[in-house]
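Each remark here refers to the structure printed beneath this line.
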Amino acid sequence: MAKLPILEFPDERLRTKAAPVETVDDEVRQLVDDMLETMYDAPGIGLAASQVDAHRRVIVIDVSDDQSAPLVLINPEYTPLDDEREPMQEGCLSIPEYYAEVPRALRVGLKALGRDGQPYELEAEGLLAHCIQHEYDHLEGVLFVDYLSPLKRDRVMKKMQKRHRAAQPA
């Protein structure tokens with residue numbers, strides 16, 4: 001397994017819409033394993049392939065307290081199960097050290113392929129439902145800051161640009 005570099009906002013590659021996975025093969029399974037290692041190391045609770053510059057419809061999630069419940073979503077599709085939405089504070093590995101309240105569906109139904117390529121379905125609520133929607137957005141080229149006002153989004157962009165300039169060698 002290998003830890004992958006995570007793209008950071010405002011990198012335009014984060015705006016790329018991910019392509020469906022045609023076949024779950026060893027290459028896809030290796031990507032999943034590398035993404036899990038990267039997510040746990042970051043540390044985070046979700047990671048979309050788009051965030052590691054692999055623009056395929058692959059997501060890994062683990063909302064457990066002890067990193068014991070990894071969930072693999074290949075070619076995921078979700079549907080809100082009711083009209084109720086709730087704001088929850090979100091962060092993102094591609095936008096480090098920034099958090100904002102984002103309203104999302106409280107409950108979702110999910111269809112996806114697992115690491116083995118077998119289809120499965122589940123219903124999710126709370127943090128897992130929010131995480132599924134957040135990571136799915138990445139596959140569509142959408143970031144959680146897109147739900148903020150233009151003024152707040154601009155502030156985040158300037159903060160991230162300053163962070164990147166400070167990280168550049170002199």
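Residue numbers start at 1 in each chain; chains themselves are named A, B, ... in the order of the structure tokens; ligands are numbered from 1 in the order shown.
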
Select from stretch 99-158 of chain A every residue with an atom at most 9 Å from any atom of stretch 74-83 of chain A, then for each give the shortest pair of atoms and their distance in Å to one decimal, using only C-alpha atoms, rows by chain and rising number, as a Markdown table.
```
| residue | atom | partner | partner_atom | distance |
| --- | --- | --- | --- | --- |
| A:Ala105 | CA | A:Pro80 | CA | 5.9 |
| A:Leu106 | CA | A:Asp82 | CA | 7.7 |
| A:Arg107 | CA | A:Leu81 | CA | 5.4 |
| A:Val108 | CA | A:Pro80 | CA | 4.3 |
| A:Gly109 | CA | A:Thr79 | CA | 5.2 |
| A:Leu110 | CA | A:Tyr78 | CA | 4.4 |
| A:Lys111 | CA | A:Glu77 | CA | 5.3 |
| A:Ala112 | CA | A:Pro76 | CA | 4.3 |
| A:Leu113 | CA | A:Ile74 | CA | 4.8 |
| A:Gly114 | CA | A:Ile74 | CA | 6.1 |
| A:Arg115 | CA | A:Ile74 | CA | 7.4 |
| A:Gly117 | CA | A:Ile74 | CA | 7.8 |
| A:Pro119 | CA | A:Ile74 | CA | 9.0 |
| A:Glu123 | CA | A:Leu81 | CA | 8.5 |
| A:Ile132 | CA | A:Tyr78 | CA | 8.1 |
| A:Gln133 | CA | A:Tyr78 | CA | 7.8 |
| A:Tyr136 | CA | A:Pro76 | CA | 7.5 |
```

Neighbours of A:Ser64 within 12 Å (only C-alpha atoms; same-chain residues fewer than 3 positions away dropped), as a PDB file with N, CA, C and O atoms, in the first residue's frame?
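Saved to result34.pdb:
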```pdb
ATOM      1  N   TYR A  40      -6.749   7.151   6.536  1.00  0.00           N
ATOM      2  CA  TYR A  40      -6.437   6.905   7.938  1.00  0.00           C
ATOM      3  C   TYR A  40      -5.234   7.727   8.392  1.00  0.00           C
ATOM      4  O   TYR A  40      -5.202   8.217   9.512  1.00  0.00           O
ATOM      5  N   GLY A  44      -8.727  11.181   8.364  1.00  0.00           N
ATOM      6  CA  GLY A  44     -10.041  11.601   7.912  1.00  0.00           C
ATOM      7  C   GLY A  44     -11.036  10.475   8.043  1.00  0.00           C
ATOM      8  O   GLY A  44     -10.677   9.360   8.434  1.00  0.00           O
ATOM      9  N   ILE A  45     -12.300  10.774   7.697  1.00  0.00           N
ATOM     10  CA  ILE A  45     -13.356   9.748   7.760  1.00  0.00           C
ATOM     11  C   ILE A  45     -13.898   9.421   6.377  1.00  0.00           C
ATOM     12  O   ILE A  45     -14.745   8.546   6.237  1.00  0.00           O
ATOM     13  N   GLY A  46     -13.424  10.129   5.343  1.00  0.00           N
ATOM     14  CA  GLY A  46     -13.865   9.845   3.991  1.00  0.00           C
ATOM     15  C   GLY A  46     -12.865  10.385   2.990  1.00  0.00           C
ATOM     16  O   GLY A  46     -12.161  11.365   3.270  1.00  0.00           O
ATOM     17  N   ILE A  61     -14.811   5.274   3.136  1.00  0.00           N
ATOM     18  CA  ILE A  61     -15.370   5.953   4.319  1.00  0.00           C
ATOM     19  C   ILE A  61     -15.152   5.053   5.524  1.00  0.00           C
ATOM     20  O   ILE A  61     -15.253   3.826   5.418  1.00  0.00           O
ATOM     21  N   GLN A  67     -11.371   3.165  13.552  1.00  0.00           N
ATOM     22  CA  GLN A  67     -10.958   2.789  12.195  1.00  0.00           C
ATOM     23  C   GLN A  67     -11.179   1.299  11.930  1.00  0.00           C
ATOM     24  O   GLN A  67     -10.375   0.644  11.278  1.00  0.00           O
ATOM     25  N   SER A  68     -12.310   0.788  12.402  1.00  0.00           N
ATOM     26  CA  SER A  68     -12.587  -0.645  12.285  1.00  0.00           C
ATOM     27  C   SER A  68     -13.704  -0.975  11.300  1.00  0.00           C
ATOM     28  O   SER A  68     -14.060  -2.142  11.146  1.00  0.00           O
ATOM     29  N   ALA A  69     -14.265   0.035  10.647  1.00  0.00           N
ATOM     30  CA  ALA A  69     -15.421  -0.215   9.785  1.00  0.00           C
ATOM     31  C   ALA A  69     -15.268   0.450   8.422  1.00  0.00           C
ATOM     32  O   ALA A  69     -16.081   1.292   8.038  1.00  0.00           O
ATOM     33  N   PRO A  70     -14.228   0.087   7.667  1.00  0.00           N
ATOM     34  CA  PRO A  70     -14.063   0.709   6.350  1.00  0.00           C
ATOM     35  C   PRO A  70     -15.198   0.331   5.409  1.00  0.00           C
ATOM     36  O   PRO A  70     -15.644  -0.816   5.393  1.00  0.00           O
ATOM     37  N   LEU A  71     -15.654   1.305   4.673  1.00  0.00           N
ATOM     38  CA  LEU A  71     -16.727   1.118   3.703  1.00  0.00           C
ATOM     39  C   LEU A  71     -16.188   1.549   2.347  1.00  0.00           C
ATOM     40  O   LEU A  71     -15.609   2.628   2.219  1.00  0.00           O
ATOM     41  N   LEU A 127     -24.083  10.990  10.627  1.00  0.00           N
ATOM     42  CA  LEU A 127     -22.747  11.277  10.115  1.00  0.00           C
ATOM     43  C   LEU A 127     -22.440  10.489   8.844  1.00  0.00           C
ATOM     44  O   LEU A 127     -21.890  11.032   7.886  1.00  0.00           O
ATOM     45  N   LEU A 128     -22.807   9.206   8.800  1.00  0.00           N
ATOM     46  CA  LEU A 128     -22.530   8.401   7.613  1.00  0.00           C
ATOM     47  C   LEU A 128     -23.271   8.950   6.399  1.00  0.00           C
ATOM     48  O   LEU A 128     -22.699   9.055   5.307  1.00  0.00           O
TER      49      LEU A 128
END
```

Next on the checklist: Give me, as a VMD selection string, all polymer residues having an atom no more than 10 Å from stretch 143-147 of chain A, counting only C-alpha atoms and skipping those fewer than 6 positions away in the same chain.
Outcome noted: chain A and resid 9 to 10 14 to 15 90 to 92 94 to 95 98 to 103 133 to 137 153 to 154 156 to 157

Checklist outcome for this item: A:Glu86 proximity check over A:Ala129, A:Met39, A:Leu7, A:Leu47, using only C-alpha atoms: winner is A:Ala129

Checklist entry - Could you work out how far atom CA of A:Ile59 lies from atom CA of A:Val21, giving the answer in Å with one decimal? => result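 Interatomic distance here is 11.5 Å.
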
Item to check | Per-residue DSSP, chain A, filtered to alpha helix (DSSP H), as a PyMOL selection string | outcome: chain A and resi 26-41+126-139+150-167
